[in-house]
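Engineer: Below: one structure in structure tokens.
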Amino acid sequence: MSRVLVTGGAGRLGRSVVAGLAEAGYDVVSVDRAVPAGSPQAAGHPAVEHRTAELTDPDATHALMRAARPDAVVNLAAIAVPFSAPEHVILQTNAVIAHNVAGAATEAGVRRIVMASSPTVLGYGSPAGWLPPAFPLTEETPPRPWHAYGLSKHVAEQVAQMFAAARGETVRYASFRPCYVIAPEEWAGAPTQQGHTVRERLDDPALAAPALFNYVDARDVTAFLETLLERMGAIRNGDTFFVGAADALARRPLAELVPQFVPGSEELAAGLTGTAPAFSIDKAREVLGWEPVRGWRTELQEGAGDPVPGQLTGAGHHGKDSA
């Protein structure tokens with residue numbers, strides 16, 4: 001079985017990816033700045049090796065790749081939340097990590113390299129206003145990032161395409177845009193990335209609206225990555241895929257909800273009836289044969305996220321959604 005190096009292995013998505021790939025039989029190298037408490041490596045998982053590295057340092061990144069000798073690399077490492085650091089720091093950090101990881105992996109002889117991007121490259125939520133050409137949003141929707149995080153993820157996609165252009169078919173590159181990631185423990189009521197629970201996001205549409213009601217179970221992302229790694233030889237080199245749930249994180253159709261939060265979108269959103277999401281995953285379905293199997297209707301546990309008596313409710317929006 002292949003040896004896969006996962007950067008950002010201690011992160012919210014990284015933990016699930018590392019554990020899932022290990023359970024699927026991959027030999028996994030998890031890379032982060034420190035060994036996370038409760039990680040598969042810390043728990044003695046036999047298929048996971050943990051390494052530490054400063055990925056903004058090109059020499060350290062090259063040394064990591066030479067020592068680890070992976071067959072494939074999945075780059076999840078980044079500052080993961082918009083406006084959680086100064087804009088220039090987010091742009092520089094994320095862009096440099098993407099270039100360092102792709103370059104070092106390529107030079108070390110890795111033949112499959114995957115870069116994590118974000119739906120925010122499309123630019124929704126811009127204070128100046130935003131309307132797409134059409135809904136649902138697809139990989140063909142023009143990117144219009146308006147903050148450093150979205151721009152840095154667009155750069156990561158361009159890094160993959162740049163290396164693909166330089167290397168031809170000798171090395172395979174791809175990018176993926178995971179929607180708002182829900183980790184397994186968050187279905188049971190643990191806070192999501194923005195500080196409130198999944199149930200709160202469902203009960204108050206204003207909480208999920210900044211992400212256009214997108215979401216995905218972290219385990220479905222892991223299944224997507226397994227499929228992508230197996231089938232990278234069959235895709236267009238440097239290609240990009242949306243990875244999301246099959247429905248929206250909303251109790252009402254987005255044809256009703258989106259126009260409330262995206263001015264002027266009534267006609268564009270009219271086709272988002274039933275449970276249809278704003279982000280299409282048809283490309284991943286058709287090209288890779290991947291299908292998400294988890295959604296909030298089946299995963300959300302009864303009572304998860306219900307207010308505790310005497311506890312303040314209505315958690316505020318902690319910064320911008322990263323997906």
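Within each chain, counting starts at residue 1; across the structure tokens, chains are named A, B, ... in the order shown, with ligands numbered 1 upward in that order.
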With only C-alpha atoms as the counted atoms, please give the residues lying no more than 10 Å from A:Gly25, apart from itself and same-chain residues fewer than 4 positions off, as a list in words.
Structural biologist: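 Result of the neighbour search: Met1, Ser2, Arg3, Gly20, Leu21 and Ala47 of chain A.
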Engineer: Go ahead and save the picked residues with C-alpha atoms, as a compact mmCIF listing (two decimals), in the first residue's frame.
Structural biologist:
# COMPACT_ATOMS: atom_id res chain seq x y z
CA MET A 1 0.00 0.00 0.00
CA SER A 2 1.18 3.54 -0.77
CA ARG A 3 2.99 5.80 1.68
CA GLY A 20 -9.00 7.54 7.73
CA LEU A 21 -6.08 6.87 5.41
CA ALA A 47 0.26 2.91 10.38
Engineer: As a compact mmCIF listing (two decimals) with C-alpha atoms, in the first residue's frame, please: every residue in stretch 14-118 of chain A that DSSP puts in strand (DSSP E or B).
Structural biologist:
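Here's the written file part-v7.txt:
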# COMPACT_ATOMS: atom_id res chain seq x y z
CA ASP A 27 1.23 4.02 5.45
CA VAL A 28 0.73 7.61 6.66
CA VAL A 29 3.25 10.31 7.59
CA SER A 30 1.50 13.12 9.47
CA VAL A 31 3.37 16.41 9.46
CA ASP A 32 2.73 19.40 11.71
CA VAL A 48 1.00 6.54 11.32
CA GLU A 49 4.40 8.16 11.68
CA HIS A 50 4.46 11.72 12.98
CA ARG A 51 7.09 14.24 11.92
CA THR A 52 7.47 17.91 12.75
CA ALA A 72 2.00 10.77 -2.49
CA VAL A 73 1.54 14.09 -0.67
CA VAL A 74 -1.67 15.76 0.50
CA ASN A 75 -1.02 19.36 1.51
CA ARG A 112 1.07 12.33 -6.80
CA ILE A 113 0.67 15.75 -5.15
CA VAL A 114 -2.66 17.14 -3.92
CA MET A 115 -3.23 20.72 -2.74
CA ALA A 116 -6.09 21.79 -0.46
Engineer: Near A:Ile281, counting only C-alpha atoms, which residues have an atom at most 8 Å away, once you skip same-chain residues fewer than 6 positions from it, shown as a PyMOL selection string?
Structural biologist: chain A and resi 138+241-244+246
Engineer: Using only C-alpha atoms, determine which residues lie at most 8 Å from A:Phe135, disregarding the query and same-chain residues fewer than 6 positions distant; provide the list as number ranges by chain.
Structural biologist: A: 268-269, 271-272, 278-279
Engineer: Would you mind listing, for every residue of stretch 12-69 of chain A within 12 Å of stretch 84-104 of chain A, the two atoms forming the shortest contact and the distance between them in Å to one decimal, using only C-alpha atoms, sorted by chain and ascending residue number, as JSON lines?
Structural biologist:
{"residue": "A:Val31", "atom": "CA", "partner": "A:Val101", "partner_atom": "CA", "distance": 11.3}
{"residue": "A:Ala53", "atom": "CA", "partner": "A:Val101", "partner_atom": "CA", "distance": 11.1}
{"residue": "A:Glu54", "atom": "CA", "partner": "A:Ile97", "partner_atom": "CA", "distance": 9.1}
{"residue": "A:Leu55", "atom": "CA", "partner": "A:Ile97", "partner_atom": "CA", "distance": 5.6}
{"residue": "A:Thr56", "atom": "CA", "partner": "A:Ile97", "partner_atom": "CA", "distance": 5.2}
{"residue": "A:Asp57", "atom": "CA", "partner": "A:Asn100", "partner_atom": "CA", "distance": 7.6}
{"residue": "A:Pro58", "atom": "CA", "partner": "A:Asn100", "partner_atom": "CA", "distance": 5.5}
{"residue": "A:Asp59", "atom": "CA", "partner": "A:Ala104", "partner_atom": "CA", "distance": 8.7}
{"residue": "A:Ala60", "atom": "CA", "partner": "A:Asn100", "partner_atom": "CA", "distance": 9.4}
{"residue": "A:Thr61", "atom": "CA", "partner": "A:Ala104", "partner_atom": "CA", "distance": 6.2}
{"residue": "A:His62", "atom": "CA", "partner": "A:Ala104", "partner_atom": "CA", "distance": 4.7}
{"residue": "A:Ala63", "atom": "CA", "partner": "A:Ala104", "partner_atom": "CA", "distance": 8.3}
{"residue": "A:Leu64", "atom": "CA", "partner": "A:Ala104", "partner_atom": "CA", "distance": 8.4}
{"residue": "A:Met65", "atom": "CA", "partner": "A:Ala104", "partner_atom": "CA", "distance": 6.3}
{"residue": "A:Arg66", "atom": "CA", "partner": "A:Ala104", "partner_atom": "CA", "distance": 8.3}
{"residue": "A:Ala67", "atom": "CA", "partner": "A:Ala104", "partner_atom": "CA", "distance": 11.4}
{"residue": "A:Ala68", "atom": "CA", "partner": "A:Ala104", "partner_atom": "CA", "distance": 11.5}
{"residue": "A:Arg69", "atom": "CA", "partner": "A:Ala104", "partner_atom": "CA", "distance": 11.0}
Engineer: Looking at A:Pro70, A:Pro119, A:Ser16, A:Thr192, which one is nearest to A:Ala218, with distances taken over only C-alpha atoms?
Structural biologist: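 Among A:Pro70, A:Pro119, A:Ser16, A:Thr192, it is A:Ser16 that comes nearest to A:Ala218.
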Engineer: From the set A:Ala34, A:Ile235, A:Leu257, A:Val110, which residue has the shortest atom-to-atom contact distance to A:Lys283, counting only C-alpha atoms?
Structural biologist: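 Checking each candidate against A:Lys283, we get A:Ile235 as the closest.
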Engineer: So how far away is atom CA of A:Gln301 from atom CA of A:Leu228, in Å?
Structural biologist: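 Taking atom CA of A:Leu228 and atom CA of A:Gln301, their separation equals 29.9 Å.
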Engineer: What are the DSSP alpha helix (DSSP H) residues of stretch 73-268 of chain A, as a PyMOL selection string?
Structural biologist: chain A and resi 87-107+148-167+198-203+205-208+218-231+254-261
Engineer: Which residue out of A:Ala276, A:Val6, A:Leu13, A:Cys179 has the minimum interatomic distance to A:Arg251 when only C-alpha atoms are used?
Structural biologist: A:Ala276
Engineer: Out of A:Gly109, A:Gly150, A:Gly195, A:Pro46, which residue has the shortest atom-to-atom distance to A:Val121 when counting only C-alpha atoms?
Structural biologist: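 Smallest separation from A:Val121 among the options: A:Gly150.
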Engineer: Would you mind telling me which residue in A:Thr120, A:Gln260, A:Thr222, A:Gln193 lies nearest to A:Glu23 when using only C-alpha atoms?
Structural biologist: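 So, comparing all the options, the nearest one is A:Thr222.
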Engineer: How far is it from atom CA of A:Glu157 to atom CA of A:Ser126, in Å with one decimal?
Structural biologist: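 Between these atoms lies a distance of 20.6 Å.
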Engineer: Determine the nearest neighbour of A:Met232 from the options A:Gln161, A:Thr273, A:Thr106, A:Ser175, counting only C-alpha atoms.
Structural biologist: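 Smallest distance to A:Met232 is found for A:Ser175.
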